[in-house]
$ cat query-v2.cif   # mmCIF, C-alpha atoms and all ligand atoms
data_my_file
#
loop_
_atom_site.label_atom_id
_atom_site.label_comp_id
_atom_site.auth_asym_id
_atom_site.auth_seq_id
_atom_site.Cartn_x
_atom_site.Cartn_y
_atom_site.Cartn_z
CA MET A 1 18.85 -4.77 -16.55
CA VAL A 2 19.38 -7.30 -13.77
CA VAL A 3 22.16 -9.79 -13.12
CA ILE A 4 21.14 -13.03 -11.46
CA MET A 5 23.96 -14.63 -9.49
CA LYS A 6 24.55 -18.40 -9.36
CA ASN A 7 23.35 -20.29 -6.28
CA ARG A 8 26.91 -20.27 -5.03
CA PHE A 9 28.98 -17.15 -5.56
CA THR A 10 31.63 -15.37 -3.58
CA GLU A 11 31.41 -11.82 -2.25
CA GLN A 12 34.45 -11.04 -4.36
CA GLU A 13 32.60 -12.14 -7.50
CA LEU A 14 29.57 -10.07 -6.52
CA HIS A 15 31.71 -6.98 -5.96
CA ALA A 16 33.44 -7.46 -9.29
CA VAL A 17 30.09 -7.62 -11.12
CA ALA A 18 28.78 -4.56 -9.25
CA ALA A 19 31.94 -2.64 -10.12
CA GLU A 20 31.63 -3.57 -13.80
CA MET A 21 28.01 -2.41 -13.82
CA GLU A 22 28.89 0.86 -12.08
CA ALA A 23 31.64 1.45 -14.61
CA GLY A 24 28.86 1.30 -17.21
CA GLY A 25 27.21 4.30 -15.55
CA VAL A 26 24.47 2.89 -13.30
CA ASN A 27 23.83 2.54 -9.58
CA VAL A 28 23.58 -1.03 -8.37
CA MET A 29 20.80 -2.34 -6.13
CA VAL A 30 21.59 -5.66 -4.47
CA SER A 31 18.68 -7.90 -3.47
CA ARG A 32 19.66 -10.94 -1.41
CA GLY A 33 16.63 -13.23 -1.56
CA HIS A 34 15.93 -16.65 -0.08
CA GLU A 35 16.84 -18.37 -3.31
CA THR A 36 18.59 -15.86 -5.51
CA THR A 37 20.76 -12.83 -5.24
CA ILE A 38 20.16 -10.20 -7.85
CA LEU A 39 22.02 -7.06 -8.88
CA GLY A 40 19.69 -4.52 -10.43
CA ALA A 41 20.85 -1.59 -12.54
CA GLU A 42 19.36 1.76 -11.63
CA GLY A 43 19.67 4.24 -14.46
CA ASN A 44 20.46 3.78 -18.12
CA PRO A 45 22.28 0.46 -18.70
CA ALA A 46 23.30 1.37 -22.28
CA GLY A 47 26.97 1.74 -21.28
CA ILE A 48 27.20 -1.75 -19.77
CA ASP A 49 28.88 -4.56 -21.69
CA GLN A 50 26.30 -7.26 -20.99
CA GLU A 51 28.23 -10.04 -22.74
CA LYS A 52 31.25 -9.34 -20.58
CA ILE A 53 29.13 -9.52 -17.42
CA GLN A 54 27.49 -12.74 -18.60
CA ALA A 55 30.96 -14.31 -18.82
CA MET A 56 32.05 -13.23 -15.32
CA PRO A 57 32.48 -15.85 -12.56
CA GLY A 58 29.45 -16.26 -10.30
CA VAL A 59 26.98 -14.94 -12.90
CA GLU A 60 24.03 -17.13 -13.82
CA ARG A 61 22.17 -14.86 -16.22
CA VAL A 62 21.83 -11.27 -17.41
CA MET A 63 18.28 -10.13 -18.08
CA THR A 64 16.94 -7.01 -19.73
CA VAL A 65 14.06 -5.37 -17.82
CA THR A 66 11.74 -3.42 -20.05
CA GLU A 67 9.36 -2.10 -17.37
CA PRO A 68 10.04 1.51 -16.32
CA PHE A 69 9.65 0.69 -12.63
CA LYS A 70 12.73 -0.85 -11.07
CA LYS A 71 12.73 -0.70 -7.26
CA ALA A 72 9.10 -1.80 -7.23
CA ASN A 73 9.79 -4.56 -9.77
CA ARG A 74 9.75 -8.21 -8.71
CA LYS A 75 12.55 -8.90 -11.19
CA TYR A 76 14.79 -6.68 -9.06
CA HIS A 77 13.54 -8.08 -5.76
CA PRO A 78 12.01 -11.57 -6.08
CA ASP A 79 11.00 -11.98 -2.40
CA ASN A 80 7.82 -10.35 -1.07
CA THR A 81 8.35 -7.13 0.84
CA VAL A 82 6.89 -7.54 4.32
CA ILE A 83 5.78 -4.41 6.18
CA PRO A 84 4.89 -4.72 9.88
CA ILE A 85 1.68 -2.92 10.93
CA GLY A 86 0.85 -3.31 14.61
CA ASN A 87 0.42 -6.98 15.42
CA GLY A 88 0.25 -7.87 11.73
CA ALA A 89 2.55 -7.63 8.70
CA ALA A 90 1.44 -6.79 5.17
CA GLY A 91 2.95 -9.19 2.66
CA SER A 92 3.64 -11.91 5.24
CA GLY A 93 1.08 -14.34 3.84
CA ARG A 94 -1.21 -13.54 6.76
CA PRO A 95 -3.80 -10.93 5.68
CA VAL A 96 -3.95 -7.67 7.65
CA VAL A 97 -7.15 -5.73 8.20
CA ILE A 98 -7.08 -1.97 8.74
CA ALA A 99 -10.44 -0.53 9.80
CA GLY A 100 -12.03 2.66 11.03
CA PRO A 101 -14.22 5.54 9.97
CA CYS A 102 -13.78 7.54 6.81
CA SER A 103 -13.27 10.65 8.95
CA VAL A 104 -12.47 11.30 12.56
CA GLU A 105 -15.54 13.19 13.79
CA SER A 106 -15.34 13.31 17.59
CA ARG A 107 -13.56 11.75 20.57
CA ASP A 108 -16.53 9.50 21.36
CA GLN A 109 -16.83 8.32 17.77
CA ILE A 110 -13.17 7.47 17.19
CA LEU A 111 -12.72 5.79 20.57
CA ALA A 112 -15.85 3.69 20.15
CA VAL A 113 -14.85 2.54 16.66
CA ALA A 114 -11.21 1.97 17.64
CA LYS A 115 -12.11 -0.27 20.57
CA ALA A 116 -14.65 -2.19 18.51
CA VAL A 117 -12.42 -2.89 15.52
CA GLN A 118 -9.55 -3.87 17.77
CA ALA A 119 -11.74 -6.35 19.63
CA SER A 120 -12.65 -7.92 16.29
CA GLY A 121 -9.02 -8.31 15.21
CA ALA A 122 -8.09 -5.23 13.14
CA CYS A 123 -4.35 -4.56 13.23
CA ALA A 124 -4.57 -0.80 12.70
CA LEU A 125 -7.04 2.06 12.95
CA ARG A 126 -7.80 4.19 9.90
CA GLY A 127 -9.33 7.66 10.15
CA GLY A 128 -9.21 10.68 7.90
CA ALA A 129 -8.28 14.03 9.45
CA TYR A 130 -7.69 15.86 6.15
CA LYS A 131 -10.42 14.89 3.71
CA PRO A 132 -10.25 15.23 -0.08
CA ARG A 133 -13.94 16.02 -0.70
CA THR A 134 -15.44 16.59 -4.13
CA SER A 135 -17.37 19.61 -2.81
CA PRO A 136 -15.68 22.43 -0.92
CA TYR A 137 -18.90 22.74 1.12
CA SER A 138 -18.64 19.18 2.49
CA PHE A 139 -16.96 18.36 5.81
CA GLN A 140 -13.22 18.76 5.25
CA GLY A 141 -12.01 16.88 8.33
CA LEU A 142 -10.89 17.94 11.82
CA LYS A 143 -7.31 18.38 10.57
CA GLN A 144 -4.78 18.67 13.45
CA ASP A 145 -7.50 17.98 16.01
CA GLY A 146 -8.33 14.80 14.12
CA ILE A 147 -4.70 13.65 14.32
CA ARG A 148 -4.75 14.42 18.06
CA LEU A 149 -7.88 12.29 18.52
CA LEU A 150 -6.28 9.45 16.55
CA GLN A 151 -3.34 9.70 18.96
CA GLU A 152 -5.75 9.34 21.87
CA ALA A 153 -7.30 6.27 20.27
CA LYS A 154 -3.82 4.86 19.78
CA ALA A 155 -2.95 5.51 23.43
CA VAL A 156 -6.09 3.68 24.54
CA THR A 157 -5.91 0.69 22.19
CA GLY A 158 -2.21 0.48 21.29
CA MET A 159 -3.25 0.21 17.63
CA PRO A 160 -1.15 2.08 15.05
CA ILE A 161 -2.96 4.76 13.07
CA VAL A 162 -3.34 5.22 9.33
CA SER A 163 -4.35 8.62 7.97
CA GLU A 164 -4.33 10.45 4.65
CA ILE A 165 -1.93 13.30 3.93
CA MET A 166 -3.09 15.89 1.39
CA SER A 167 -0.26 18.39 1.20
CA THR A 168 3.48 18.61 1.63
CA GLY A 169 2.97 21.23 4.36
CA ALA A 170 1.67 18.54 6.72
CA ILE A 171 4.66 16.22 6.33
CA ASP A 172 6.29 16.96 9.71
CA LEU A 173 2.99 16.46 11.54
CA PHE A 174 2.44 13.11 9.82
CA GLU A 175 6.02 11.95 10.26
CA GLU A 176 5.68 12.58 13.98
CA TYR A 177 2.17 11.36 14.76
CA VAL A 178 0.94 8.96 12.07
CA ASP A 179 2.15 5.36 11.79
CA VAL A 180 1.18 4.67 8.18
CA ILE A 181 0.83 7.63 5.82
CA GLN A 182 -1.98 7.22 3.29
CA ILE A 183 -1.78 8.77 -0.17
CA GLY A 184 -5.32 9.00 -1.48
CA ALA A 185 -6.47 8.11 -4.97
CA ARG A 186 -6.73 11.79 -5.90
CA ASN A 187 -3.09 12.39 -5.00
CA MET A 188 -1.58 9.27 -6.53
CA GLN A 189 0.21 11.42 -9.08
CA ASN A 190 1.01 14.37 -6.82
CA PHE A 191 4.68 13.84 -7.43
CA ASP A 192 5.92 16.41 -4.91
CA LEU A 193 3.88 14.72 -2.21
CA LEU A 194 5.18 11.30 -3.28
CA LYS A 195 8.77 12.53 -3.06
CA GLN A 196 8.17 14.00 0.39
CA VAL A 197 6.66 10.82 1.84
CA GLY A 198 9.54 8.99 0.18
CA ARG A 199 11.88 10.87 2.51
CA THR A 200 10.01 9.87 5.68
CA SER A 201 10.62 6.75 7.73
CA LYS A 202 6.94 5.74 7.77
CA PRO A 203 5.23 3.06 5.66
CA VAL A 204 3.13 4.60 2.89
CA LEU A 205 -0.27 3.25 1.87
CA LEU A 206 -0.54 4.22 -1.79
CA LYS A 207 -4.02 4.07 -3.24
CA ARG A 208 -4.57 3.51 -6.94
CA GLY A 209 -5.65 6.67 -8.78
CA LEU A 210 -9.24 7.03 -9.95
CA SER A 211 -8.34 6.32 -13.58
CA SER A 212 -4.79 5.07 -13.32
CA THR A 213 -3.27 2.11 -15.06
CA ILE A 214 -1.35 -0.48 -13.07
CA GLU A 215 1.89 0.78 -14.57
CA GLU A 216 1.14 4.40 -13.57
CA TRP A 217 0.36 3.17 -10.06
CA LEU A 218 3.66 1.28 -9.85
CA MET A 219 5.50 4.33 -11.18
CA SER A 220 4.03 6.32 -8.28
CA ALA A 221 5.38 3.67 -5.90
CA GLU A 222 8.70 4.07 -7.69
CA TYR A 223 8.68 7.82 -6.92
CA ILE A 224 8.42 7.04 -3.20
CA MET A 225 11.02 4.28 -3.31
CA ALA A 226 13.46 6.33 -5.38
CA GLU A 227 13.66 8.77 -2.44
CA GLY A 228 14.73 5.97 -0.12
CA ASN A 229 11.50 4.75 1.47
CA GLN A 230 10.99 1.12 0.44
CA GLN A 231 7.95 0.60 2.69
CA VAL A 232 5.15 1.03 0.17
CA ILE A 233 1.82 -0.77 0.54
CA LEU A 234 -0.39 -0.63 -2.55
CA CYS A 235 -4.17 -0.36 -2.21
CA GLU A 236 -6.67 -1.13 -4.97
CA ARG A 237 -9.81 0.95 -4.31
CA GLY A 238 -11.72 0.66 -7.55
CA ILE A 239 -11.32 2.51 -10.80
CA ARG A 240 -13.67 4.68 -12.80
CA THR A 241 -15.53 2.84 -15.55
CA PHE A 242 -18.80 3.35 -17.46
CA GLU A 243 -20.73 1.39 -14.79
CA PRO A 244 -22.61 3.67 -12.36
CA PHE A 245 -24.18 0.98 -10.14
CA THR A 246 -21.16 0.87 -7.87
CA ARG A 247 -19.20 3.96 -6.85
CA ASN A 248 -16.20 2.57 -8.72
CA THR A 249 -15.38 -0.77 -10.34
CA LEU A 250 -13.26 -2.96 -8.10
CA ASP A 251 -10.44 -4.22 -10.28
CA LEU A 252 -9.73 -7.48 -8.50
CA SER A 253 -7.66 -8.78 -11.39
CA ALA A 254 -5.19 -6.02 -10.52
CA VAL A 255 -4.30 -7.95 -7.36
CA PRO A 256 -2.67 -11.01 -8.96
CA ALA A 257 -1.40 -8.80 -11.79
CA VAL A 258 0.42 -6.42 -9.44
CA LYS A 259 1.66 -9.23 -7.26
CA SER A 260 3.26 -10.87 -10.28
CA MET A 261 4.89 -7.59 -11.35
CA SER A 262 5.91 -6.26 -7.96
CA HIS A 263 7.14 -7.51 -4.58
CA LEU A 264 5.11 -4.86 -2.71
CA PRO A 265 2.08 -5.88 -0.61
CA VAL A 266 -1.35 -5.17 -2.09
CA LEU A 267 -4.43 -4.36 -0.03
CA VAL A 268 -8.00 -3.96 -1.25
CA ASP A 269 -10.44 -1.27 -0.11
CA PRO A 270 -13.91 -2.66 -0.89
CA SER A 271 -15.64 0.32 0.79
CA HIS A 272 -14.55 2.99 -1.70
CA ALA A 273 -14.66 0.51 -4.57
CA CYS A 274 -18.35 -0.35 -4.14
CA GLY A 275 -19.75 2.61 -2.23
CA LYS A 276 -22.35 0.28 -0.70
CA ALA A 277 -22.04 -1.19 2.78
CA TRP A 278 -23.94 -4.35 1.86
CA MET A 279 -21.32 -5.29 -0.73
CA VAL A 280 -18.33 -4.96 1.57
CA GLU A 281 -18.50 -8.49 2.99
CA ARG A 282 -18.61 -10.31 -0.34
CA MET A 283 -15.94 -8.16 -1.96
CA SER A 284 -13.67 -8.49 1.09
CA MET A 285 -13.85 -12.26 0.76
CA ALA A 286 -13.29 -12.04 -2.99
CA ALA A 287 -10.23 -9.84 -2.40
CA LEU A 288 -8.60 -12.38 -0.09
CA ALA A 289 -9.42 -15.16 -2.55
CA ALA A 290 -7.74 -13.07 -5.27
CA GLY A 291 -4.56 -13.02 -3.19
CA ALA A 292 -4.75 -9.62 -1.49
CA ASP A 293 -2.41 -9.12 1.47
CA GLY A 294 -5.18 -7.45 3.43
CA LEU A 295 -8.09 -5.05 3.50
CA LEU A 296 -8.87 -1.43 4.30
CA ILE A 297 -12.45 -1.18 5.52
CA GLU A 298 -14.60 1.75 6.59
CA VAL A 299 -16.40 1.12 9.89
CA HIS A 300 -18.66 3.69 11.58
CA ASN A 301 -20.67 3.40 14.80
CA ASP A 302 -23.53 5.43 13.28
CA PRO A 303 -23.30 5.19 9.47
CA GLU A 304 -26.59 7.00 8.90
CA ASN A 305 -25.24 10.13 10.51
CA ALA A 306 -21.64 9.86 9.33
CA LEU A 307 -20.12 13.12 8.08
CA CYS A 308 -18.45 11.29 5.21
CA ASP A 309 -19.03 8.00 3.34
CA GLY A 310 -21.85 6.70 5.59
CA PRO A 311 -23.51 4.62 2.81
CA GLN A 312 -20.39 2.50 2.37
CA SER A 313 -19.53 2.18 6.08
CA ILE A 314 -20.32 -1.01 7.95
CA THR A 315 -21.15 -1.07 11.67
CA PRO A 316 -18.84 -2.55 14.32
CA ARG A 317 -21.24 -5.49 14.61
CA GLN A 318 -21.10 -6.16 10.86
CA PHE A 319 -17.33 -5.83 11.02
CA ALA A 320 -17.13 -8.46 13.77
CA SER A 321 -19.19 -10.86 11.68
CA LEU A 322 -17.08 -10.12 8.59
CA MET A 323 -13.87 -10.86 10.51
CA ASP A 324 -15.28 -14.23 11.57
CA LYS A 325 -16.02 -15.08 7.95
CA LEU A 326 -12.58 -13.92 6.85
CA ARG A 327 -10.95 -16.18 9.43
CA THR A 328 -12.89 -19.17 8.07
CA LEU A 329 -12.03 -18.22 4.51
CA SER A 330 -8.36 -17.71 5.31
CA ALA A 331 -8.19 -21.14 6.86
CA CYS A 332 -9.52 -22.59 3.58
CA LEU A 333 -6.98 -20.56 1.62
CA GLY A 334 -4.19 -21.84 3.85
CA GLU A 335 -3.57 -18.45 5.44
CA THR A 336 -4.21 -17.28 8.98
CA ILE A 337 -5.80 -14.00 9.95
C1 LIG B 1 -10.44 7.34 2.07
O1 LIG B 1 -9.75 6.34 2.28
O2 LIG B 1 -11.22 7.83 2.90
C2 LIG B 1 -10.41 7.94 0.71
C3 LIG B 1 -10.69 9.21 0.50
O3 LIG B 1 -10.09 7.03 -0.24
P1 LIG B 1 -9.73 7.21 -1.81
O4 LIG B 1 -8.53 8.10 -1.85
O5 LIG B 1 -9.48 5.81 -2.24
O6 LIG B 1 -10.94 7.81 -2.47
MN MN B 2 -13.95 7.44 2.76
#
$ encode --input "query-v2.cif" --output "structure tokens"
Amino acid sequence: MVVIMKNRFTEQELHAVAAEMEAGGVNVMVSRGHETTILGAEGNPAGIDQEKIQAMPGVERVMTVTEPFKKANRKYHPDNTVIPIGNGAAGSGRPVVIAGPCSVESRDQILAVAKAVQASGACALRGGAYKPRTSPYSFQGLKQDGIRLLQEAKAVTGMPIVSEIMSTGAIDLFEEYVDVIQIGARNMQNFDLLKQVGRTSKPVLLKRGLSSTIEEWLMSAEYIMAEGNQQVILCERGIRTFEPFTRNTLDLSAVPAVKSMSHLPVLVDPSHACGKAWMVERMSMAALAAGADGLLIEVHNDPENALCDGPQSITPRQFASLMDKLRTLSACLGETI
């Protein structure tokens, strides 16, 4: 349930409404937006006398919210959430591009890619140090050494770093050294991990699960937000369908859908969605046209010899050309990049 206040209301009226709601057994979340101020009920609103609240001074309307996600819900928070990332901000109306290799492999590799993507206008460097591989015999990542190399790349370029956490045991390491903590598709419903990142002060990039519905995805965001961390960035990375041509099926319709349901920024990862480097450019442009707040793109200086996800990785040169096209497209869309 949410209470929408009138355009003009006094603080006294707001406090009276909040107190009445709390007396009904819920916590109250206040969202002061550009146009409206909203009081959202957290918990079961069954004990609240809605008619009484509707009649209180300063109240415009009482609305029942049927969706199970509350903090992530646009009805509770009508304005877009804006999350700064380096020299960009996800959700600001100006698309952000996060780029880098699937995995950190060596000092030379990560430094070369970091410098290249920065020169082309990426706002943050991605790089996996702990890799969730399908086979236990595949490269599992450099782990702590990978995080250390990302730190070096950050020191050289000044770009913030984005990396995936796989277990709760690594939380202190990530809280200290990683700027944006990524939750991978395979861990989207690892609820202990979600709760732990919800207690950190770092933005969380939450990928959509391999076969998750939009509502399940938003409920995972809710897990993080319920622990206190409101800085959640959603990332559509393709879902599993019957179609084997692409690695996954990029659900671009999820972008406007989620943006209508939630105030959180939504990025698109065309690399994992398609699994083919040659498709990344087109799907990146399609993602921005669909209203995405930015992109997460795999870039490797030697895709043929990459230890992970080479076939879907574009080269720094291709990335530079893509960024030029995205700037042109954004200008047409009335956004700047
Ligand atoms: C990744 O970003 O490298 C990754 C493993 O992505 P996903 O969790 O979307 O598969
Ligand atoms: Mn990858």
$ residues_around --input "query-v2.cif" --residues "region 182-184 of chain A" --least-positions-apart "6" --cutoff "12 Å" --atoms "all atoms listed in the file" --output "ChimeraX atom specification"
/A:98,102,126-133,161-168,171,174-175,190-198,202-210,217,220-221,224,231-237,269,272,296
$ write_last_selection --input "query-v2.cif" --atoms "C-alpha atoms" --output "compact mmCIF listing (two decimals), keeping the file's coordinate frame"
# COMPACT_ATOMS: atom_id res chain seq x y z
CA ILE A 98 -7.08 -1.97 8.74
CA CYS A 102 -13.78 7.54 6.81
CA ARG A 126 -7.80 4.19 9.90
CA GLY A 127 -9.33 7.66 10.15
CA GLY A 128 -9.21 10.68 7.90
CA ALA A 129 -8.28 14.03 9.45
CA TYR A 130 -7.69 15.86 6.15
CA LYS A 131 -10.42 14.89 3.71
CA PRO A 132 -10.25 15.23 -0.08
CA ARG A 133 -13.94 16.02 -0.70
CA ILE A 161 -2.96 4.76 13.07
CA VAL A 162 -3.34 5.22 9.33
CA SER A 163 -4.35 8.62 7.97
CA GLU A 164 -4.33 10.45 4.65
CA ILE A 165 -1.93 13.30 3.93
CA MET A 166 -3.09 15.89 1.39
CA SER A 167 -0.26 18.39 1.20
CA THR A 168 3.48 18.61 1.63
CA ILE A 171 4.66 16.22 6.33
CA PHE A 174 2.44 13.11 9.82
CA GLU A 175 6.02 11.95 10.26
CA ASN A 190 1.01 14.37 -6.82
CA PHE A 191 4.68 13.84 -7.43
CA ASP A 192 5.92 16.41 -4.91
CA LEU A 193 3.88 14.72 -2.21
CA LEU A 194 5.18 11.30 -3.28
CA LYS A 195 8.77 12.53 -3.06
CA GLN A 196 8.17 14.00 0.39
CA VAL A 197 6.66 10.82 1.84
CA GLY A 198 9.54 8.99 0.18
CA LYS A 202 6.94 5.74 7.77
CA PRO A 203 5.23 3.06 5.66
CA VAL A 204 3.13 4.60 2.89
CA LEU A 205 -0.27 3.25 1.87
CA LEU A 206 -0.54 4.22 -1.79
CA LYS A 207 -4.02 4.07 -3.24
CA ARG A 208 -4.57 3.51 -6.94
CA GLY A 209 -5.65 6.67 -8.78
CA LEU A 210 -9.24 7.03 -9.95
CA TRP A 217 0.36 3.17 -10.06
CA SER A 220 4.03 6.32 -8.28
CA ALA A 221 5.38 3.67 -5.90
CA ILE A 224 8.42 7.04 -3.20
CA GLN A 231 7.95 0.60 2.69
CA VAL A 232 5.15 1.03 0.17
CA ILE A 233 1.82 -0.77 0.54
CA LEU A 234 -0.39 -0.63 -2.55
CA CYS A 235 -4.17 -0.36 -2.21
CA GLU A 236 -6.67 -1.13 -4.97
CA ARG A 237 -9.81 0.95 -4.31
CA ASP A 269 -10.44 -1.27 -0.11
CA HIS A 272 -14.55 2.99 -1.70
CA LEU A 296 -8.87 -1.43 4.30
$ atom_distance --input "query-v2.cif" --atom1 "CA of Ala226 (chain A)" --atom2 "CA of Pro68 (chain A)"
12.4 Å
$ closest_residue --input "query-v2.cif" --among "A:Met159, A:Ala23, A:Ile181, A:Ile4" --to "ligand LIG 1 (chain B)" --atoms "all atoms listed in the file"
A:Ile181
$ closest_residue --input "query-v2.cif" --among "A:His34, A:Lys115, A:Lys325, A:Lys276" --to "Asn248 (chain A)" --atoms "all atoms listed in the file"
A:Lys276
$ atom_distance --input "query-v2.cif" --atom1 "CA of Gln12 (chain A)" --atom2 "CA of Asn73 (chain A)"
26.1 Å
$ closest_residue --input "query-v2.cif" --among "A:Lys52, A:His263, A:Arg247, A:Arg148" --to "Leu173 (chain A)" --atoms "all atoms listed in the file"
A:Arg148
$ closest_residue --input "query-v2.cif" --among "A:Gly33, A:Pro270, A:Pro256, A:Gly146" --to "ligand MN 2 (chain B)" --atoms "all atoms listed in the file"
A:Pro270
$ atom_distance --input "query-v2.cif" --atom1 "CA of Cys332 (chain A)" --atom2 "CA of Met283 (chain A)"
16.7 Å
$ residues_near_point --input "query-v2.cif" --point "(21.8, -1.1, -18.3)" --cutoff "9 Å" --atoms "all atoms listed in the file" --output "PDB file with C-alpha atoms, in the coordinates of the input"
ATOM      1  CA  MET A   1      18.850  -4.770 -16.550  1.00  0.00           C
ATOM      2  CA  VAL A   2      19.380  -7.300 -13.770  1.00  0.00           C
ATOM      3  CA  MET A  21      28.010  -2.410 -13.820  1.00  0.00           C
ATOM      4  CA  GLY A  24      28.860   1.300 -17.210  1.00  0.00           C
ATOM      5  CA  GLY A  25      27.210   4.300 -15.550  1.00  0.00           C
ATOM      6  CA  VAL A  26      24.470   2.890 -13.300  1.00  0.00           C
ATOM      7  CA  GLY A  40      19.690  -4.520 -10.430  1.00  0.00           C
ATOM      8  CA  ALA A  41      20.850  -1.590 -12.540  1.00  0.00           C
ATOM      9  CA  GLU A  42      19.360   1.760 -11.630  1.00  0.00           C
ATOM     10  CA  GLY A  43      19.670   4.240 -14.460  1.00  0.00           C
ATOM     11  CA  ASN A  44      20.460   3.780 -18.120  1.00  0.00           C
ATOM     12  CA  PRO A  45      22.280   0.460 -18.700  1.00  0.00           C
ATOM     13  CA  ALA A  46      23.300   1.370 -22.280  1.00  0.00           C
ATOM     14  CA  GLY A  47      26.970   1.740 -21.280  1.00  0.00           C
ATOM     15  CA  ILE A  48      27.200  -1.750 -19.770  1.00  0.00           C
ATOM     16  CA  ASP A  49      28.880  -4.560 -21.690  1.00  0.00           C
ATOM     17  CA  GLN A  50      26.300  -7.260 -20.990  1.00  0.00           C
ATOM     18  CA  THR A  64      16.940  -7.010 -19.730  1.00  0.00           C
ATOM     19  CA  VAL A  65      14.060  -5.370 -17.820  1.00  0.00           C
TER      20      VAL A  65
END
$ closest_residue --input "query-v2.cif" --among "A:Ala254, A:Gln318, A:Val117, A:Arg61" --to "Pro303 (chain A)" --atoms "only C-alpha atoms"
A:Gln318
$ closest_residue --input "query-v2.cif" --among "A:Leu329, A:Val3, A:Cys308, A:Ala286" --to "ligand MN 2 (chain B)" --atoms "only C-alpha atoms and all ligand atoms"
A:Cys308
$ residues_near_point --input "query-v2.cif" --point "(12.9, -4.8, -4.2)" --cutoff "12 Å" --atoms "all atoms listed in the file" --output "VMD selection string"
chain A and resid 2 29 to 33 37 to 42 69 to 82 221 to 222 225 to 226 228 to 232 261 to 265
$ write_last_selection --input "query-v2.cif" --atoms "C-alpha atoms" --output "compact mmCIF listing (two decimals), keeping the file's coordinate frame"
# COMPACT_ATOMS: atom_id res chain seq x y z
CA VAL A 2 19.38 -7.30 -13.77
CA MET A 29 20.80 -2.34 -6.13
CA VAL A 30 21.59 -5.66 -4.47
CA SER A 31 18.68 -7.90 -3.47
CA ARG A 32 19.66 -10.94 -1.41
CA GLY A 33 16.63 -13.23 -1.56
CA THR A 37 20.76 -12.83 -5.24
CA ILE A 38 20.16 -10.20 -7.85
CA LEU A 39 22.02 -7.06 -8.88
CA GLY A 40 19.69 -4.52 -10.43
CA ALA A 41 20.85 -1.59 -12.54
CA GLU A 42 19.36 1.76 -11.63
CA PHE A 69 9.65 0.69 -12.63
CA LYS A 70 12.73 -0.85 -11.07
CA LYS A 71 12.73 -0.70 -7.26
CA ALA A 72 9.10 -1.80 -7.23
CA ASN A 73 9.79 -4.56 -9.77
CA ARG A 74 9.75 -8.21 -8.71
CA LYS A 75 12.55 -8.90 -11.19
CA TYR A 76 14.79 -6.68 -9.06
CA HIS A 77 13.54 -8.08 -5.76
CA PRO A 78 12.01 -11.57 -6.08
CA ASP A 79 11.00 -11.98 -2.40
CA ASN A 80 7.82 -10.35 -1.07
CA THR A 81 8.35 -7.13 0.84
CA VAL A 82 6.89 -7.54 4.32
CA ALA A 221 5.38 3.67 -5.90
CA GLU A 222 8.70 4.07 -7.69
CA MET A 225 11.02 4.28 -3.31
CA ALA A 226 13.46 6.33 -5.38
CA GLY A 228 14.73 5.97 -0.12
CA ASN A 229 11.50 4.75 1.47
CA GLN A 230 10.99 1.12 0.44
CA GLN A 231 7.95 0.60 2.69
CA VAL A 232 5.15 1.03 0.17
CA MET A 261 4.89 -7.59 -11.35
CA SER A 262 5.91 -6.26 -7.96
CA HIS A 263 7.14 -7.51 -4.58
CA LEU A 264 5.11 -4.86 -2.71
CA PRO A 265 2.08 -5.88 -0.61
$ closest_atom_pairs --input "query-v2.cif" --of "region 22-135 of chain A" --to "region 5-8 of chain A" --cutoff "6 Å" --atoms "only C-alpha atoms" --output "JSON lines"
{"residue": "A:Thr37", "atom": "CA", "partner": "A:Met5", "partner_atom": "CA", "distance": 5.6}
{"residue": "A:Gly58", "atom": "CA", "partner": "A:Lys6", "partner_atom": "CA", "distance": 5.4}
{"residue": "A:Val59", "atom": "CA", "partner": "A:Met5", "partner_atom": "CA", "distance": 4.6}
{"residue": "A:Glu60", "atom": "CA", "partner": "A:Lys6", "partner_atom": "CA", "distance": 4.7}
$ axis_aligned_box --input "query-v2.cif" --around "ligand LIG 1 (chain B)" --padding-each-side "8 Å" --output "JSON"
{"center_x": -9.9, "center_y": 7.5, "center_z": 0.2, "size_x": 18.7, "size_y": 19.4, "size_z": 21.4}
$ residues_around --input "query-v2.cif" --residues "Thr157 (chain A)" --least-positions-apart "2" --cutoff "9 Å" --atoms "all atoms listed in the file" --output "list of chain:residue names"
A:Leu111, A:Ala114, A:Lys115, A:Gln118, A:Glu152, A:Ala153, A:Lys154, A:Ala155, A:Met159, A:Pro160
